[in-house]
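**Q** Dropping a structure here in C-alpha cells format, bear with me for questions.
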Amino acid sequence: MTIEPQVTREPQTSKAFHVAIVGGGLCGLLCAVYLARSGIKVDVFESASKFREAHLLNVPTASGTNALRALDEMGLKDAIVSHADGAVPALSPFTFVSAKKGHQLIHSYQLRAEDETLGIHRLVQLSSDQRKIPMKRNFRAACLEALAELLDPAAIHFNKRCTYISQGNSSQPVIHFKDGTSFETDVVIGADGIKSAVRQAISGETARLGAKFTKTVAYRALFQFDDIRRVSMQTDLSCDPHCFVGMDKHIITIPIRGSKILNVVIFYTDHSLPDSMEIPPNEWVTPASRNEVLAKFSDCGPDVQKLLSLIETCNKWCIHAVDPPLGSFVKGRVALAGDSAHGMCPHLGSGFGQGIEDALILCRLLTHSAIDLFNVQVSVMSMPSDYLNGIHAQKALLVYDRICRPRANMVLTRSAWAGEVYESLPHKADDNAKFEALRNSLAVLWEPVWRHDLQKHLATAMDMLGTLDNAGSATLFT
C-alpha cells in the first residue's frame with residue numbers, strides 16, 4: 001500500500017521537489033517548519049502516536065549559545081521561549097570539584113557576558129514519594145509544543161515506524177513502514193534518532209550497530225533541597241551546576257525550580273567491558289537500586305555518599321553514541337540529521353544544539369534559489385523532470401554533508417573526550433601537574449562548540465553551493 005501525500009495549506013512554490021521527514025522529534029520538526037514556511041511540500045512520519053519527548057526523564061537539559069543563535073537564525077527562538085513559562089536565556093557558571101574527601105575546588109567555568117544559555121525544565125516525578133512537582137517545561141518539550149503548532153496537521157503522519165528505504169523505478173527514495181505501507185518522495189531527511197533506521201540507507205545493513213555502547217551508564221534521580229540540607233553537605237549545590245570529578249565516574253548536579261529541586265545524573269564507566277559489548281535496545285534503560293549506585297561510588301568522599309544516600313529508586317541508562325563517526329550523512333537523495341547522524345554522549349550537552357545547526361544549514365540549502373526547477377542549467381534541460389529535481393536536491397545535500405559533517409563529528413568526538421576529562425581525577429591530591437592539566441582541559445571544554453561562527457559557516461555553505469552550480473549539474477553526481 002502506498003501512502004498518498006496529503007493536501008496541505010502550504011503556499012504554492014516554484015520548488016518542484018517534495019521532502020519527507022522520518023522522525024517527529026525536535027530536529028525533524030525544525031526542518032519541517034522551516035521548509036513548510038518556505039513553501040516546500042513536506043510530510044512528517046513519526047513512529048509514536050503523538051509528539052512526545054523520548055528518553056529525557058530527569059535529564060538536566062539546556063541549550064548552548066550556538067543552539068540559540070541557530071534557532072534565532074531560523075526565526076524560531078521567540079516562539080519556543082514563549083512556550084517556556086516565561087523562561088528567558090540565563091547565565092550560569094559550571095563548578096568542578098573533586099569527588100574525593102575534602103571536595104576541593106578544581107575549576108569554575110565562567111560564561112561570557114554575551115553568552116546566552118537556555119534551560120527550561122518540565123513536569124517531573126520525584127523518586128522519593130512519586131509526587132509530581134510542577135516545574136518549568138523542559139527546553140525540548142517547549143520546542144515540541146511550539147513547533148507542532150506551526151505545522152499543518154494534514155502533513156503529519158503518526159504510528160509510522162520506518163523499517164528501511166529503497167530506491168524506486170524513477171530513482172526516487174521510497175520509505176517503507178512497519179505497517180506495510182510505503183511512501184515515495186524526492187528527498188528524505190532521516191531524523192529518527194540514535195536508533196535510526198534511515199541510517200541503513202546511508203551506511204548499509206549493519207548501520208544499526210553504528211550506535212555503540214560507550215561502557216558508561218548513567219543513573220538519574222531528583223532530590224528535594226530540604227532533604228539535601230538535612231544531610232549537611234559541605235558543597236553548596238543550590239546555586240550553580242556542579243560536576244563531582246572522580247576516577248572512572250562523575251556526577252552532574254543542576255538546581256532547578258528556584259533551587260527547590262536538584263537534578264542529578266550519576267555516571268560510571270566500566271573500562272573492563274569488551275569493546276564489542278552490545279546492549280539489546282529494550283535494555284538501554286532499566287531500573288536500578290541505591291545499593292547498586294553506592295557500591296560503585298564507595299571510594300568517594302562524604303558529600304557524594306550523602307547525596308547518593310538520598311536515592312530511593314532510579315533508572316540506569318546505557319549511554320550509546322554513533323561510533324565510529326559516519327563517513328557521510330548523505331547518500332543520493334537521503335540525508336541524516338541530528339542524533340541519527342551523530343548521536344553523541346551527553347557530556348557537553350551539545351547534541352541537540354548540533355541538531356539545530358544541521359536543520360538550519362540543510363534547510364537553508366534546500367530553500368536556496370539555486371535549488372529550483374527554473375534555475376536548471378541548459379545542459380540538463382532535456383533530462384526527465386524527476387531526475388532534474390533530484391540533481392538539484394542532491395546539490396544541496398552534498399554541500400550539507402561537506403559543511404556539517406566535519407563539525408558535527410568534531411562535537412561528537414569532543415563529547416566523548418569531555419566524559420574522559422570528568423573521570424580523570426588524579427590519584428594523589430598533591431599531584432599539581434596533573435591537576436593543572438585537568439584544569440586546562442576543563443577551561444576549554446565548550447570553546448569550539450559555543451564559539452562557533454555560524455554566519456561564516458552559512459556563508460561557506462552558500463559559496464560552495466554556488467561553486468557546484470557553476471561546475472555543471474550533469475557531471476556532479478555521476
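Ordered as shown in the C-alpha cells, chains take letters A, B, and onward, while each chain numbers its residues from 1 and ligands are numbered from 1 in the order shown.
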Please identify which residues in segment 386-472 of chain A DSSP calls alpha helix (DSSP H) from the backbone, and express them as an MDAnalysis selection string.
**A** chainID A and resid 386:422 432:443 447:450 454:471
**Q** Could you give me, as a Markdown table, every segment 283-383 of chain A residue with an atom at most 10 Å from segment 38-45 of chain A, plus its closest atom pair and distance in Å to one decimal, counting only C-alpha atoms, rows ordered by chain then number?
**A**
```
| residue | atom | partner | partner_atom | distance |
| --- | --- | --- | --- | --- |
| A:Cys363 | CA | A:Ser38 | CA | 9.2 |
| A:Arg364 | CA | A:Ser38 | CA | 9.6 |
| A:Leu366 | CA | A:Ile40 | CA | 8.9 |
| A:Thr367 | CA | A:Ser38 | CA | 6.7 |
| A:His368 | CA | A:Ser38 | CA | 9.8 |
```
**Q** Would you write out those residues with N, CA and C atoms, as a PDB file, in the first residue's frame?
**A**
```
ATOM      1  N   CYS A 363      18.203  23.110   5.688  1.00  0.00           N
ATOM      2  CA  CYS A 363      17.008  23.789   5.178  1.00  0.00           C
ATOM      3  C   CYS A 363      17.363  25.044   4.387  1.00  0.00           C
ATOM      4  N   ARG A 364      18.380  25.765   4.842  1.00  0.00           N
ATOM      5  CA  ARG A 364      18.789  26.953   4.101  1.00  0.00           C
ATOM      6  C   ARG A 364      19.274  26.564   2.696  1.00  0.00           C
ATOM      7  N   LEU A 366      18.317  23.751   0.976  1.00  0.00           N
ATOM      8  CA  LEU A 366      17.194  23.252   0.188  1.00  0.00           C
ATOM      9  C   LEU A 366      16.281  24.374  -0.288  1.00  0.00           C
ATOM     10  N   THR A 367      16.242  25.475   0.459  1.00  0.00           N
ATOM     11  CA  THR A 367      15.376  26.587   0.079  1.00  0.00           C
ATOM     12  C   THR A 367      16.114  27.654  -0.725  1.00  0.00           C
ATOM     13  N   HIS A 368      17.377  27.424  -1.023  1.00  0.00           N
ATOM     14  CA  HIS A 368      18.158  28.381  -1.801  1.00  0.00           C
ATOM     15  C   HIS A 368      17.599  28.482  -3.223  1.00  0.00           C
TER      16      HIS A 368
END
```
**Q** Would you compute the distance between atom CA of Ser259 of chain A and atom CA of Ala70 of chain A? Give it in Å to one decimal.
**A**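 So the answer is 29.2 Å.
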**Q** Tell me, as a list in words, which residues lie within 9 Å of segment 456-459 of chain A, counting only C-alpha atoms; anything in the same chain fewer than 6 positions away does not count.
**A**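 The neighbour list is Leu360, Ile361, Arg364, Ile403 and Cys404 of chain A.
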**Q** Write the residues of the selection above to a file with all heavy atoms, as a PDB file, in the first residue's frame.
**A**
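Okay, this is what ended up in out-v8.pdb:
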```pdb
ATOM      1  N   LEU A 360      19.251  24.015  10.373  1.00  0.00           N
ATOM      2  CA  LEU A 360      19.394  25.338   9.771  1.00  0.00           C
ATOM      3  C   LEU A 360      20.098  25.266   8.420  1.00  0.00           C
ATOM      4  O   LEU A 360      19.603  25.786   7.410  1.00  0.00           O
ATOM      5  CB  LEU A 360      20.159  26.263  10.716  1.00  0.00           C
ATOM      6  CG  LEU A 360      20.620  27.602  10.117  1.00  0.00           C
ATOM      7  CD1 LEU A 360      19.426  28.450   9.703  1.00  0.00           C
ATOM      8  CD2 LEU A 360      21.506  28.360  11.100  1.00  0.00           C
ATOM      9  N   ILE A 361      21.261  24.629   8.394  1.00  0.00           N
ATOM     10  CA  ILE A 361      22.060  24.624   7.162  1.00  0.00           C
ATOM     11  C   ILE A 361      21.406  23.772   6.085  1.00  0.00           C
ATOM     12  O   ILE A 361      21.342  24.166   4.915  1.00  0.00           O
ATOM     13  CB  ILE A 361      23.489  24.166   7.463  1.00  0.00           C
ATOM     14  CG1 ILE A 361      24.171  25.205   8.368  1.00  0.00           C
ATOM     15  CG2 ILE A 361      24.280  23.951   6.186  1.00  0.00           C
ATOM     16  CD1 ILE A 361      25.557  24.855   8.818  1.00  0.00           C
ATOM     17  N   ARG A 364      18.380  25.765   4.842  1.00  0.00           N
ATOM     18  CA  ARG A 364      18.789  26.953   4.101  1.00  0.00           C
ATOM     19  C   ARG A 364      19.274  26.564   2.696  1.00  0.00           C
ATOM     20  O   ARG A 364      19.025  27.280   1.725  1.00  0.00           O
ATOM     21  CB  ARG A 364      19.879  27.677   4.883  1.00  0.00           C
ATOM     22  CG  ARG A 364      20.272  29.042   4.330  1.00  0.00           C
ATOM     23  CD  ARG A 364      19.145  30.063   4.458  1.00  0.00           C
ATOM     24  NE  ARG A 364      18.751  30.342   5.816  1.00  0.00           N
ATOM     25  CZ  ARG A 364      19.333  31.245   6.614  1.00  0.00           C
ATOM     26  NH1 ARG A 364      20.377  31.933   6.186  1.00  0.00           N
ATOM     27  NH2 ARG A 364      18.870  31.455   7.835  1.00  0.00           N
ATOM     28  N   ILE A 403      29.683  20.503   4.672  1.00  0.00           N
ATOM     29  CA  ILE A 403      29.745  21.598   5.646  1.00  0.00           C
ATOM     30  C   ILE A 403      29.490  21.104   7.068  1.00  0.00           C
ATOM     31  O   ILE A 403      30.220  21.438   8.000  1.00  0.00           O
ATOM     32  CB  ILE A 403      28.727  22.697   5.281  1.00  0.00           C
ATOM     33  CG1 ILE A 403      29.137  23.405   3.984  1.00  0.00           C
ATOM     34  CG2 ILE A 403      28.576  23.703   6.417  1.00  0.00           C
ATOM     35  CD1 ILE A 403      30.401  24.219   4.096  1.00  0.00           C
ATOM     36  N   CYS A 404      28.450  20.305   7.248  1.00  0.00           N
ATOM     37  CA  CYS A 404      28.008  19.956   8.611  1.00  0.00           C
ATOM     38  C   CYS A 404      28.725  18.754   9.208  1.00  0.00           C
ATOM     39  O   CYS A 404      28.942  18.709  10.422  1.00  0.00           O
ATOM     40  CB  CYS A 404      26.493  19.689   8.613  1.00  0.00           C
ATOM     41  SG  CYS A 404      25.501  21.174   8.482  1.00  0.00           S
TER      42      CYS A 404
END
```
**Q** What are the closest atom pairs, with distances in Å to one decimal, for each residue of segment 178-291 of chain A lying within 7 Å of segment 410-422 of chain A, using only C-alpha atoms, rows by chain and rising residue number, as a tab-separated table?
**A**
```
residue	atom	partner	partner_atom	distance
A:Val245	CA	A:Tyr422	CA	5.2
A:Gly246	CA	A:Tyr422	CA	6.9
A:His250	CA	A:Tyr422	CA	6.1
```
**Q** Tell me, as a list in words, which residues lie within 7 Å of Glu184 of chain A, counting only C-alpha atoms; anything in the same chain fewer than 6 positions away does not count.
**A**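 Answer for this query is Gln172, Pro173, Val174 and Ile175 of chain A.
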**Q** Let's see if you can do this: from backbone DSSP, list all strand (DSSP E) residues in segment 304-455 of chain A, as number ranges by chain.
**A** A: 314-322, 330-331, 334-336
**Q** What would the file look like if the residues just selected were written as a tab-separated table (two decimals), in the first residue's frame with all heavy atoms?
**A**
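Okay, this is what ended up in selection-v4.tsv:
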```
chain	number	residue	atom	x	y	z
A	314	CYS	N	15.76	4.66	41.10
A	314	CYS	CA	16.26	5.41	39.95
A	314	CYS	C	16.35	4.47	38.76
A	314	CYS	O	16.22	3.25	38.90
A	314	CYS	CB	17.62	6.04	40.25
A	314	CYS	SG	18.93	4.86	40.56
A	315	ASN	N	16.57	5.04	37.60
A	315	ASN	CA	16.77	4.25	36.38
A	315	ASN	C	18.23	4.30	35.97
A	315	ASN	O	18.94	5.28	36.23
A	315	ASN	CB	15.89	4.78	35.24
A	315	ASN	CG	14.44	4.36	35.39
A	315	ASN	OD1	14.13	3.34	36.00
A	315	ASN	ND2	13.54	5.17	34.85
A	316	LYS	N	18.67	3.24	35.33
A	316	LYS	CA	20.03	3.17	34.77
A	316	LYS	C	19.93	3.22	33.26
A	316	LYS	O	19.22	2.43	32.64
A	316	LYS	CB	20.73	1.88	35.23
A	316	LYS	CG	22.11	1.70	34.61
A	316	LYS	CD	22.84	0.52	35.22
A	316	LYS	CE	22.18	-0.79	34.90
A	316	LYS	NZ	22.94	-1.94	35.44
A	317	TRP	N	20.67	4.16	32.68
A	317	TRP	CA	20.68	4.34	31.24
A	317	TRP	C	22.03	3.91	30.67
A	317	TRP	O	23.07	4.38	31.14
A	317	TRP	CB	20.43	5.82	30.90
A	317	TRP	CG	19.07	6.31	31.29
A	317	TRP	CD1	18.50	6.26	32.53
A	317	TRP	CD2	18.11	6.94	30.45
A	317	TRP	NE1	17.25	6.81	32.51
A	317	TRP	CE2	16.98	7.24	31.24
A	317	TRP	CE3	18.11	7.28	29.10
A	317	TRP	CZ2	15.86	7.88	30.73
A	317	TRP	CZ3	16.98	7.91	28.58
A	317	TRP	CH2	15.87	8.19	29.39
A	318	CYS	N	22.00	3.08	29.67
A	318	CYS	CA	23.23	2.69	28.97
A	318	CYS	C	23.51	3.73	27.89
A	318	CYS	O	22.72	3.88	26.95
A	318	CYS	CB	23.09	1.30	28.35
A	318	CYS	SG	22.84	-0.01	29.57
A	319	ILE	N	24.60	4.45	28.03
A	319	ILE	CA	24.90	5.55	27.12
A	319	ILE	C	25.46	5.01	25.81
A	319	ILE	O	26.46	4.28	25.79
A	319	ILE	CB	25.90	6.54	27.76
A	319	ILE	CG1	25.37	7.02	29.11
A	319	ILE	CG2	26.16	7.70	26.82
A	319	ILE	CD1	24.04	7.73	29.06
A	320	HIS	N	24.82	5.39	24.71
A	320	HIS	CA	25.26	4.97	23.38
A	320	HIS	C	25.66	6.19	22.56
A	320	HIS	O	25.20	7.31	22.82
A	320	HIS	CB	24.14	4.22	22.65
A	320	HIS	CG	23.93	2.82	23.13
A	320	HIS	ND1	23.38	2.54	24.37
A	320	HIS	CD2	24.21	1.62	22.55
A	320	HIS	CE1	23.32	1.22	24.53
A	320	HIS	NE2	23.81	0.65	23.44
A	321	ALA	N	26.49	5.97	21.58
A	321	ALA	CA	26.90	7.03	20.65
A	321	ALA	C	27.19	6.41	19.30
A	321	ALA	O	27.47	5.21	19.20
A	321	ALA	CB	28.14	7.77	21.17
A	322	VAL	N	27.08	7.22	18.25
A	322	VAL	CA	27.46	6.75	16.91
A	322	VAL	C	28.98	6.59	16.88
A	322	VAL	O	29.71	7.56	17.08
A	322	VAL	CB	27.01	7.74	15.83
A	322	VAL	CG1	27.56	7.34	14.46
A	322	VAL	CG2	25.48	7.81	15.78
A	330	VAL	N	25.00	11.63	3.89
A	330	VAL	CA	24.15	11.72	2.69
A	330	VAL	C	24.45	10.56	1.75
A	330	VAL	O	25.61	10.16	1.58
A	330	VAL	CB	24.40	13.06	1.95
A	330	VAL	CG1	23.75	13.06	0.59
A	330	VAL	CG2	23.90	14.23	2.79
A	331	LYS	N	23.40	10.04	1.13
A	331	LYS	CA	23.54	9.08	0.04
A	331	LYS	C	22.39	9.32	-0.92
A	331	LYS	O	21.23	9.15	-0.57
A	331	LYS	CB	23.55	7.64	0.53
A	331	LYS	CG	23.82	6.62	-0.58
A	331	LYS	CD	23.92	5.21	-0.03
A	331	LYS	CE	24.24	4.22	-1.15
A	331	LYS	NZ	24.33	2.83	-0.62
A	334	VAL	N	18.94	10.96	0.17
A	334	VAL	CA	18.65	10.71	1.58
A	334	VAL	C	19.72	11.36	2.45
A	334	VAL	O	20.92	11.21	2.17
A	334	VAL	CB	18.60	9.19	1.88
A	334	VAL	CG1	18.29	8.93	3.35
A	334	VAL	CG2	17.58	8.51	0.98
A	335	ALA	N	19.30	12.10	3.46
A	335	ALA	CA	20.23	12.78	4.35
A	335	ALA	C	19.86	12.49	5.80
A	335	ALA	O	18.69	12.35	6.14
A	335	ALA	CB	20.23	14.28	4.11
A	336	LEU	N	20.87	12.41	6.66
A	336	LEU	CA	20.67	12.24	8.09
A	336	LEU	C	20.89	13.57	8.80
A	336	LEU	O	21.73	14.37	8.39
A	336	LEU	CB	21.65	11.21	8.66
A	336	LEU	CG	21.57	9.79	8.12
A	336	LEU	CD1	22.71	8.95	8.67
A	336	LEU	CD2	20.23	9.15	8.46
```
**Q** Could you check which of A:Lys306, A:Gly102, A:Ala337, A:Val19 is closest to Thr185 of chain A, using only C-alpha atoms?
**A** A:Val19
**Q** Find the spatial neighbours of segment 72-75 of chain A, counting only C-alpha atoms, within a cut-off of 12 Å - ignore same-chain residues fewer than 5 positions away - and output them as a list of chain:residue names.
**A**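 Counting only the stated atoms, we get A:Leu30, A:Cys31, A:Ala32, A:Val33, A:Tyr34, A:Leu35, A:Arg37, A:Ser38, A:Thr65, A:Asn66, A:Ala67, A:Ile80, A:Val81, A:Glu116, A:Leu147, A:Ile356, A:Glu357, A:Asp358, A:Ala359, A:Leu360, A:Ile361, A:Leu362, A:Cys363, A:Arg364, A:Leu454, A:Gln455, A:Leu458.
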**Q** Check the smallest atom-to-atom distance from each of A:Phe223, A:Ala211, A:Ala461, A:Gly258 to Ile279 of chain A using only C-alpha atoms, then report the winner.
**A** A:Ala211
**Q** Neighbouring residues of Leu307 of chain A were defined as those with any atom within 12 Å, considering only C-alpha atoms; residues of the same chain fewer than 2 positions away were excluded. Please report them as a ChimeraX atom specification.
**A** /A:99,221-225,227-237,244,251-253,262-266,290,293-294,297,300-305,309-312
**Q** To one decimal place in Å, what is the distance between atom CA of Phe177 of chain A and atom CA of Arg161 of chain A?
**A**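 Separating atom CA of Phe177 of chain A from atom CA of Arg161 of chain A is a distance of 5.3 Å.
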**Q** What is the atom CA of Cys143 of chain A-atom CA of Arg69 of chain A distance in Å, reported with one decimal?
**A**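 Going from atom CA of Cys143 of chain A over to atom CA of Arg69 of chain A covers 14.9 Å.
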**Q** Pick the closest to Asp226 of chain A from A:Lys260, A:His242, A:Met344, A:Asp192: which is it, counting only C-alpha atoms?
**A** A:Lys260
**Q** List every residue of segment 334-448 of chain A that has an atom at most 10 Å from any atom of segment 103-106 of chain A, giving for each one its closest atom pair and the distance in Å to one decimal, counting only C-alpha atoms, sorted by chain and then by ascending residue number, as a Markdown table.
**A**
```
| residue | atom | partner | partner_atom | distance |
| --- | --- | --- | --- | --- |
| A:Leu425 | CA | A:Ile106 | CA | 9.7 |
| A:Ala429 | CA | A:Gln104 | CA | 9.0 |
| A:Phe435 | CA | A:Ile106 | CA | 7.6 |
| A:Glu436 | CA | A:Ile106 | CA | 8.9 |
| A:Leu438 | CA | A:Ile106 | CA | 8.2 |
| A:Arg439 | CA | A:Ile106 | CA | 6.6 |
| A:Leu442 | CA | A:Ile106 | CA | 9.0 |
```
